[in-house]
Amino acid sequence: MKVVVIGGHTRNIGKTSVMCALIREFPWLGWTAVKITQYGHGICSRDGQPCGCAPTEHPFALTEETNAQGRTDTCRFVAAGARQSLWLRARQGQLATALPLLFRRLGDAEWAIIESNSILEFIEPLLYLVVLDGSRRDFKASAQKSLARADAFISVNMGASTATRGSHHEAVAAFEGSIWPEFKPVRQLQTLRSKPLFPVSATQYWSAGIARFVRSKLDEAIARSSHPAVRPAEVARVAGRGTSDRKETRGA
């Protein structure tokens with residue numbers, strides 16, 4: 001299975017829009033789209049609502065969406081042309097326990113696209129794209145941890161002129177001018193400067209440049225006989241935990 005991962009530094013910055021654009025750009029690959037949500041203490045993975053259940057009662061839930069008319073993220077995946085659309089919900093710290101169920105549901109899927117940063121602890125995708133928005137100050141720990149593994153950055157809200165005709169140097173300079181003033185470790189800025197950065201508008205979230213870049217990566221993967229989606233050591237570690245003592249809840 002070949003896996004593309006879409007991440008971002010915070011919520012509601014266009015990760016789902018980027019995923020949908022990529023699915024529409026390469027529909028012949030028959031994508032299985034997955035959204036992963038991790039809930040904190042006091043929120044149930046079964047339905048995402050506040051509850052008082054113990055962590056062992058509803059540690060995770062996996063559901064499939066088939067409705068292309070709805071407004072949820074997983075409905076948008078279906079509308080964009082995904083062959084299958086899944087939503088994995090897990091309590092904080094329970095993602096490893098939920099992954100065997102997810103991998104079984106993925107089955108023999110050839111191409112999967114996953115919205116998550118945390119999944120990178122367990123898989124080695126062929127492509128990892130990170131959505132950034134310099135106007136949003138929040139920077140999730142999972143995004144900070146995985147930033148160096150990004151193949152390219154997609155930057156939202158950089159201004160129309162830069163987004164349409166700016167060079168890579170101009171794009172990075174513009175982004176650094178707006179990036180979180182209180183969060184500028186040298187290592188992170190070096191990562192930004194060393195990798196492709198594609199400016200996009202907050203209405204389209206896609207560009208011809210991104211399409212060319214992604215196509216080149218997909219062509220490389222297709223040219224190879226196979227691409228391991230999960231590191232063998234991680235497979236053994238996750239599978240070894242088992243799920244026999246936990247309820248695999250499929251929430252509505």
# chains A, B, ... in the order shown; residues from 1 in each chain; ligands from 1
call {"tool": "residues_around", "arguments": {"residues": "Arg149 in chain A", "least_positions_apart": "6", "cutoff": "12 Å", "atoms": "only C-alpha atoms", "output": "mmCIF file with N, CA and C atoms, in the first residue's frame"}}
result
data_model
loop_
_atom_site.group_PDB
_atom_site.id
_atom_site.type_symbol
_atom_site.label_atom_id
_atom_site.label_comp_id
_atom_site.auth_asym_id
_atom_site.auth_seq_id
_atom_site.Cartn_x
_atom_site.Cartn_y
_atom_site.Cartn_z
ATOM 1 N N VAL A 5 0.377 11.378 3.254
ATOM 2 C CA VAL A 5 -0.109 11.962 4.510
ATOM 3 C C VAL A 5 -0.184 13.478 4.365
ATOM 4 N N ILE A 6 -1.295 14.034 4.797
ATOM 5 C CA ILE A 6 -1.489 15.482 4.824
ATOM 6 C C ILE A 6 -1.566 15.914 6.289
ATOM 7 N N GLY A 7 -0.659 16.805 6.680
ATOM 8 C CA GLY A 7 -0.659 17.306 8.049
ATOM 9 C C GLY A 7 -0.763 18.819 8.073
ATOM 10 N N ASN A 117 -0.978 14.138 11.631
ATOM 11 C CA ASN A 117 0.451 14.242 11.889
ATOM 12 C C ASN A 117 0.943 13.041 12.700
ATOM 13 N N LEU A 120 2.547 9.530 11.619
ATOM 14 C CA LEU A 120 3.936 9.392 11.207
ATOM 15 C C LEU A 120 4.783 8.650 12.240
ATOM 16 N N GLU A 121 4.284 8.494 13.445
ATOM 17 C CA GLU A 121 4.996 7.690 14.439
ATOM 18 C C GLU A 121 5.009 6.218 14.058
ATOM 19 N N ILE A 123 4.093 4.983 10.503
ATOM 20 C CA ILE A 123 4.235 4.655 9.093
ATOM 21 C C ILE A 123 5.288 5.530 8.434
ATOM 22 N N GLU A 124 5.740 5.109 7.283
ATOM 23 C CA GLU A 124 6.685 5.871 6.474
ATOM 24 C C GLU A 124 6.005 6.141 5.134
ATOM 25 N N PRO A 125 5.338 7.283 4.974
ATOM 26 C CA PRO A 125 4.594 7.539 3.737
ATOM 27 C C PRO A 125 5.533 7.839 2.580
ATOM 28 N N LEU A 126 5.022 7.693 1.377
ATOM 29 C CA LEU A 126 5.833 8.070 0.225
ATOM 30 C C LEU A 126 5.837 9.584 0.038
ATOM 31 N N LEU A 127 4.846 10.267 0.656
ATOM 32 C CA LEU A 127 4.762 11.720 0.532
ATOM 33 C C LEU A 127 4.066 12.298 1.760
ATOM 34 N N TYR A 128 4.669 13.350 2.338
ATOM 35 C CA TYR A 128 4.080 14.036 3.496
ATOM 36 C C TYR A 128 4.045 15.528 3.193
ATOM 37 N N LEU A 129 2.837 16.062 3.044
ATOM 38 C CA LEU A 129 2.629 17.480 2.772
ATOM 39 C C LEU A 129 2.089 18.150 4.026
ATOM 40 N N VAL A 130 2.639 19.319 4.363
ATOM 41 C CA VAL A 130 2.247 20.027 5.576
ATOM 42 C C VAL A 130 1.633 21.378 5.213
ATOM 43 N N SER A 142 2.477 17.606 17.775
ATOM 44 C CA SER A 142 2.683 16.563 16.772
ATOM 45 C C SER A 142 3.233 17.149 15.478
ATOM 46 N N ALA A 143 2.812 18.390 15.143
ATOM 47 C CA ALA A 143 3.309 19.037 13.931
ATOM 48 C C ALA A 143 4.762 19.464 14.096
ATOM 49 N N GLN A 188 13.716 24.906 12.730
ATOM 50 C CA GLN A 188 12.475 24.911 11.968
ATOM 51 C C GLN A 188 12.584 25.801 10.732
ATOM 52 N N THR A 191 14.474 24.121 8.034
ATOM 53 C CA THR A 191 13.629 23.146 7.340
ATOM 54 C C THR A 191 12.775 23.825 6.290
ATOM 55 N N LEU A 192 12.187 24.976 6.641
ATOM 56 C CA LEU A 192 11.372 25.721 5.684
ATOM 57 C C LEU A 192 12.182 26.134 4.460
ATOM 58 N N SER A 194 14.824 24.791 3.187
ATOM 59 C CA SER A 194 15.461 23.724 2.422
ATOM 60 C C SER A 194 14.492 22.894 1.594
ATOM 61 N N LYS A 195 13.181 23.133 1.753
ATOM 62 C CA LYS A 195 12.205 22.300 1.054
ATOM 63 C C LYS A 195 11.216 23.155 0.268
#
call {"tool": "closest_residue", "arguments": {"among": "A:Thr37, A:Thr66, A:Ser216, A:Gln204", "to": "Ile114 in chain A", "atoms": "only C-alpha atoms"}}
result
A:Thr37
call {"tool": "residues_around", "arguments": {"residues": "Ala79 in chain A", "least_positions_apart": "5", "cutoff": "9 Å", "atoms": "only C-alpha atoms", "output": "ChimeraX atom specification"}}
result
/A:20,67-70,74
call {"tool": "write_last_selection", "arguments": {"atoms": "C-alpha atoms", "output": "compact mmCIF listing (two decimals), in the first residue's frame"}}
result
# COMPACT_ATOMS: atom_id res chain seq x y z
CA CYS A 20 -9.88 16.66 -1.60
CA ASN A 67 -22.69 10.00 1.84
CA ALA A 68 -21.33 12.43 -0.75
CA GLN A 69 -23.92 15.10 0.05
CA GLY A 70 -23.02 15.80 3.67
CA THR A 74 -15.37 12.40 5.38
call {"tool": "atom_distance", "arguments": {"atom1": "CA of Ala202 in chain A", "atom2": "CA of Phe139 in chain A"}}
result
18.7 Å
call {"tool": "residues_around", "arguments": {"residues": "Leu106 in chain A", "least_positions_apart": "3", "cutoff": "12 Å", "atoms": "only C-alpha atoms", "output": "mmCIF file with N, CA and C atoms, in the first residue's frame"}}
result
data_model
loop_
_atom_site.group_PDB
_atom_site.id
_atom_site.type_symbol
_atom_site.label_atom_id
_atom_site.label_comp_id
_atom_site.auth_asym_id
_atom_site.auth_seq_id
_atom_site.Cartn_x
_atom_site.Cartn_y
_atom_site.Cartn_z
ATOM 1 N N MET A 1 0.837 -1.196 0.000
ATOM 2 C CA MET A 1 0.000 0.000 0.000
ATOM 3 C C MET A 1 0.873 1.248 0.000
ATOM 4 N N LYS A 2 0.509 2.197 -0.844
ATOM 5 C CA LYS A 2 1.237 3.469 -0.930
ATOM 6 C C LYS A 2 0.423 4.531 -0.200
ATOM 7 N N VAL A 3 1.099 5.303 0.663
ATOM 8 C CA VAL A 3 0.396 6.226 1.546
ATOM 9 C C VAL A 3 0.901 7.651 1.362
ATOM 10 N N TRP A 31 -8.393 6.272 -4.442
ATOM 11 C CA TRP A 31 -7.942 6.557 -3.085
ATOM 12 C C TRP A 31 -8.861 6.005 -1.999
ATOM 13 N N THR A 32 -8.250 5.505 -0.937
ATOM 14 C CA THR A 32 -8.941 5.319 0.332
ATOM 15 C C THR A 32 -8.517 6.472 1.231
ATOM 16 N N ALA A 33 -9.468 7.306 1.625
ATOM 17 C CA ALA A 33 -9.173 8.507 2.406
ATOM 18 C C ALA A 33 -9.485 8.249 3.875
ATOM 19 N N VAL A 34 -8.573 8.692 4.747
ATOM 20 C CA VAL A 34 -8.726 8.456 6.181
ATOM 21 C C VAL A 34 -8.509 9.749 6.938
ATOM 22 N N LEU A 62 -13.957 3.385 14.604
ATOM 23 C CA LEU A 62 -13.675 3.528 13.178
ATOM 24 C C LEU A 62 -14.976 3.377 12.416
ATOM 25 N N GLU A 64 -17.117 4.201 8.496
ATOM 26 C CA GLU A 64 -16.999 4.477 7.069
ATOM 27 C C GLU A 64 -18.123 5.406 6.637
ATOM 28 N N ARG A 83 -12.544 6.275 -3.202
ATOM 29 C CA ARG A 83 -13.202 4.976 -3.303
ATOM 30 C C ARG A 83 -13.788 4.565 -1.957
ATOM 31 N N GLN A 84 -13.097 4.938 -0.879
ATOM 32 C CA GLN A 84 -13.549 4.630 0.472
ATOM 33 C C GLN A 84 -13.154 5.780 1.380
ATOM 34 N N SER A 85 -14.009 6.112 2.334
ATOM 35 C CA SER A 85 -13.749 7.220 3.256
ATOM 36 C C SER A 85 -13.941 6.737 4.680
ATOM 37 N N LEU A 86 -12.864 6.807 5.490
ATOM 38 C CA LEU A 86 -12.887 6.289 6.855
ATOM 39 C C LEU A 86 -12.563 7.389 7.858
ATOM 40 N N TRP A 87 -13.155 7.277 9.042
ATOM 41 C CA TRP A 87 -12.860 8.207 10.131
ATOM 42 C C TRP A 87 -12.455 7.413 11.357
ATOM 43 N N LEU A 88 -11.208 7.554 11.762
ATOM 44 C CA LEU A 88 -10.706 6.896 12.968
ATOM 45 C C LEU A 88 -10.638 7.912 14.086
ATOM 46 N N LEU A 99 -4.611 1.257 15.572
ATOM 47 C CA LEU A 99 -4.067 1.058 14.232
ATOM 48 C C LEU A 99 -4.276 -0.337 13.648
ATOM 49 N N PRO A 100 -4.184 -1.416 14.436
ATOM 50 C CA PRO A 100 -4.465 -2.720 13.827
ATOM 51 C C PRO A 100 -5.848 -2.796 13.180
ATOM 52 N N LEU A 101 -6.847 -2.184 13.818
ATOM 53 C CA LEU A 101 -8.190 -2.152 13.239
ATOM 54 C C LEU A 101 -8.186 -1.362 11.940
ATOM 55 N N LEU A 102 -7.508 -0.213 11.923
ATOM 56 C CA LEU A 102 -7.443 0.592 10.711
ATOM 57 C C LEU A 102 -6.754 -0.167 9.589
ATOM 58 N N PHE A 103 -5.628 -0.815 9.895
ATOM 59 C CA PHE A 103 -4.901 -1.537 8.854
ATOM 60 C C PHE A 103 -5.733 -2.681 8.286
ATOM 61 N N ALA A 109 -6.094 -2.095 -0.095
ATOM 62 C CA ALA A 109 -6.097 -0.793 -0.769
ATOM 63 C C ALA A 109 -4.696 -0.486 -1.298
ATOM 64 N N GLU A 110 -4.607 -0.047 -2.537
ATOM 65 C CA GLU A 110 -3.305 0.244 -3.132
ATOM 66 C C GLU A 110 -2.823 1.645 -2.788
ATOM 67 N N TRP A 111 -3.771 2.605 -2.734
ATOM 68 C CA TRP A 111 -3.413 3.996 -2.449
ATOM 69 C C TRP A 111 -4.280 4.516 -1.317
ATOM 70 N N ALA A 112 -3.630 5.052 -0.289
ATOM 71 C CA ALA A 112 -4.346 5.648 0.839
ATOM 72 C C ALA A 112 -3.823 7.051 1.081
ATOM 73 N N ILE A 113 -4.723 7.938 1.477
ATOM 74 C CA ILE A 113 -4.348 9.301 1.830
ATOM 75 C C ILE A 113 -4.912 9.574 3.218
ATOM 76 N N ILE A 114 -4.066 10.017 4.141
ATOM 77 C CA ILE A 114 -4.431 10.113 5.555
ATOM 78 C C ILE A 114 -4.209 11.529 6.057
ATOM 79 N N ALA A 229 4.476 0.832 3.457
ATOM 80 C CA ALA A 229 3.734 1.893 4.137
ATOM 81 C C ALA A 229 4.050 1.953 5.617
#
call {"tool": "atom_distance", "arguments": {"atom1": "CA of Leu95 in chain A", "atom2": "CA of Thr63 in chain A"}}
result
15.0 Å
call {"tool": "closest_residue", "arguments": {"among": "A:Lys145, A:Val78, A:Ile13, A:Ala98", "to": "Asn157 in chain A", "atoms": "only C-alpha atoms"}}
result
A:Ile13
call {"tool": "atom_distance", "arguments": {"atom1": "CA of Leu218 in chain A", "atom2": "CA of Val18 in chain A"}}
result
16.0 Å
call {"tool": "closest_residue", "arguments": {"among": "A:Gln144, A:Thr72, A:Gln92, A:Ser118", "to": "Ser17 in chain A", "atoms": "only C-alpha atoms"}}
result
A:Thr72
call {"tool": "closest_residue", "arguments": {"among": "A:Ala82, A:Pro199, A:Ala90, A:Arg76", "to": "Pro59 in chain A", "atoms": "only C-alpha atoms"}}
result
A:Ala90
call {"tool": "residues_around", "arguments": {"residues": "Val156 in chain A", "least_positions_apart": "5", "cutoff": "10 Å", "atoms": "only C-alpha atoms", "output": "list in words"}}
result
Ile13, Gly14, Val131, Leu132, Asp133, Gly134, Ser135, Ala163, Phe175, Phe198, Pro199, Val200, Ser201, Ala202, Thr203, Gln204, Tyr205 and Trp206 of chain A
call {"tool": "write_last_selection", "arguments": {"atoms": "N, CA and C atoms", "output": "short mmCIF file (atom, residue, chain, number, x, y, z; two decimals), in the first residue's frame"}}
result
data_model
loop_
_atom_site.label_atom_id
_atom_site.label_comp_id
_atom_site.auth_asym_id
_atom_site.auth_seq_id
_atom_site.Cartn_x
_atom_site.Cartn_y
_atom_site.Cartn_z
N ILE A 13 -7.24 24.73 8.92
CA ILE A 13 -6.40 25.56 8.05
C ILE A 13 -6.38 25.05 6.61
N GLY A 14 -7.21 24.05 6.31
CA GLY A 14 -7.30 23.60 4.92
C GLY A 14 -6.74 22.22 4.63
N VAL A 131 0.41 21.61 5.69
CA VAL A 131 -0.28 22.87 5.46
C VAL A 131 0.06 23.83 6.59
N LEU A 132 0.46 25.05 6.23
CA LEU A 132 0.84 26.07 7.20
C LEU A 132 0.07 27.36 6.94
N ASP A 133 -0.24 28.06 7.99
CA ASP A 133 -0.92 29.35 7.89
C ASP A 133 -0.28 30.29 8.90
N GLY A 134 0.51 31.24 8.41
CA GLY A 134 1.23 32.14 9.28
C GLY A 134 0.35 33.04 10.13
N SER A 135 -0.94 33.15 9.79
CA SER A 135 -1.84 33.98 10.58
C SER A 135 -2.39 33.24 11.79
N ALA A 163 1.37 34.38 -4.12
CA ALA A 163 0.85 33.06 -4.42
C ALA A 163 0.86 32.76 -5.91
N PHE A 175 6.56 34.08 4.16
CA PHE A 175 6.02 33.23 5.22
C PHE A 175 6.73 33.50 6.53
N PHE A 198 4.81 25.90 -1.38
CA PHE A 198 3.84 26.28 -2.40
C PHE A 198 2.77 27.19 -1.80
N PRO A 199 2.75 28.47 -2.16
CA PRO A 199 1.68 29.36 -1.68
C PRO A 199 0.35 29.03 -2.38
N VAL A 200 -0.74 29.08 -1.64
CA VAL A 200 -2.07 28.85 -2.20
C VAL A 200 -3.04 29.86 -1.62
N SER A 201 -4.16 30.02 -2.27
CA SER A 201 -5.21 30.89 -1.75
C SER A 201 -6.08 30.09 -0.78
N ALA A 202 -6.78 30.79 0.08
CA ALA A 202 -7.64 30.14 1.06
C ALA A 202 -8.98 29.73 0.47
N THR A 203 -9.12 29.82 -0.84
CA THR A 203 -10.35 29.38 -1.50
C THR A 203 -10.11 28.18 -2.41
N GLN A 204 -8.86 27.96 -2.79
CA GLN A 204 -8.57 26.87 -3.73
C GLN A 204 -7.68 25.78 -3.12
N TYR A 205 -6.69 26.16 -2.35
CA TYR A 205 -5.81 25.22 -1.65
C TYR A 205 -5.06 24.28 -2.59
N TRP A 206 -4.85 24.68 -3.81
CA TRP A 206 -4.16 23.83 -4.79
C TRP A 206 -3.55 24.72 -5.85
#
call {"tool": "select_by_dssp", "arguments": {"residues": "range 18-161 of chain A", "states": "alpha helix (DSSP H)", "output": "PyMOL selection string"}}
result
chain A and resi 18-25+73-80+95-106+141-146+160-161
call {"tool": "write_last_selection", "arguments": {"atoms": "C-alpha atoms", "output": "mmCIF file, in the first residue's frame"}}
result
data_model
loop_
_atom_site.group_PDB
_atom_site.id
_atom_site.type_symbol
_atom_site.label_atom_id
_atom_site.label_comp_id
_atom_site.auth_asym_id
_atom_site.auth_seq_id
_atom_site.Cartn_x
_atom_site.Cartn_y
_atom_site.Cartn_z
ATOM 1 C CA VAL A 18 -5.840 19.880 0.203
ATOM 2 C CA MET A 19 -6.764 16.203 0.519
ATOM 3 C CA CYS A 20 -9.881 16.660 -1.597
ATOM 4 C CA ALA A 21 -7.937 18.572 -4.251
ATOM 5 C CA LEU A 22 -5.350 15.799 -4.458
ATOM 6 C CA ILE A 23 -8.038 13.108 -4.708
ATOM 7 C CA ARG A 24 -9.702 15.023 -7.554
ATOM 8 C CA GLU A 25 -6.367 15.587 -9.315
ATOM 9 C CA ASP A 73 -14.818 16.063 6.172
ATOM 10 C CA THR A 74 -15.369 12.402 5.383
ATOM 11 C CA CYS A 75 -18.388 13.293 3.211
ATOM 12 C CA ARG A 76 -16.161 15.701 1.321
ATOM 13 C CA PHE A 77 -13.689 12.871 0.655
ATOM 14 C CA VAL A 78 -16.497 10.840 -0.925
ATOM 15 C CA ALA A 79 -17.650 13.825 -2.995
ATOM 16 C CA ALA A 80 -14.082 14.373 -4.210
ATOM 17 C CA LEU A 95 -3.766 5.664 18.525
ATOM 18 C CA ALA A 96 -1.322 2.745 18.547
ATOM 19 C CA THR A 97 -4.067 0.496 19.925
ATOM 20 C CA ALA A 98 -6.449 1.550 17.154
ATOM 21 C CA LEU A 99 -4.067 1.058 14.232
ATOM 22 C CA PRO A 100 -4.465 -2.720 13.827
ATOM 23 C CA LEU A 101 -8.190 -2.152 13.239
ATOM 24 C CA LEU A 102 -7.443 0.592 10.711
ATOM 25 C CA PHE A 103 -4.901 -1.537 8.854
ATOM 26 C CA ARG A 104 -7.394 -4.403 8.616
ATOM 27 C CA ARG A 105 -10.024 -2.090 7.152
ATOM 28 C CA LEU A 106 -7.540 -0.723 4.649
ATOM 29 C CA ALA A 141 3.232 19.348 19.308
ATOM 30 C CA SER A 142 2.683 16.563 16.772
ATOM 31 C CA ALA A 143 3.309 19.037 13.931
ATOM 32 C CA GLN A 144 6.483 20.376 15.527
ATOM 33 C CA LYS A 145 7.769 16.851 15.984
ATOM 34 C CA SER A 146 7.196 15.834 12.371
ATOM 35 C CA ALA A 160 -2.408 36.858 -4.070
ATOM 36 C CA SER A 161 0.691 38.348 -5.721
#
call {"tool": "select_by_dssp", "arguments": {"residues": "range 13-115 of chain A", "states": "strand (DSSP E or B)", "output": "list in words"}}
result
Thr32, Ala33, Val34, Lys35, Ile36, Thr37, Gln38, Tyr39, Ile43, Pro50, Phe60, Ala61, Leu62, Thr63, Glu64, Glu65, Gln84, Ser85, Leu86, Trp87, Leu88, Arg89, Ala90, Arg91, Trp111, Ala112, Ile113, Ile114 and Glu115 of chain A
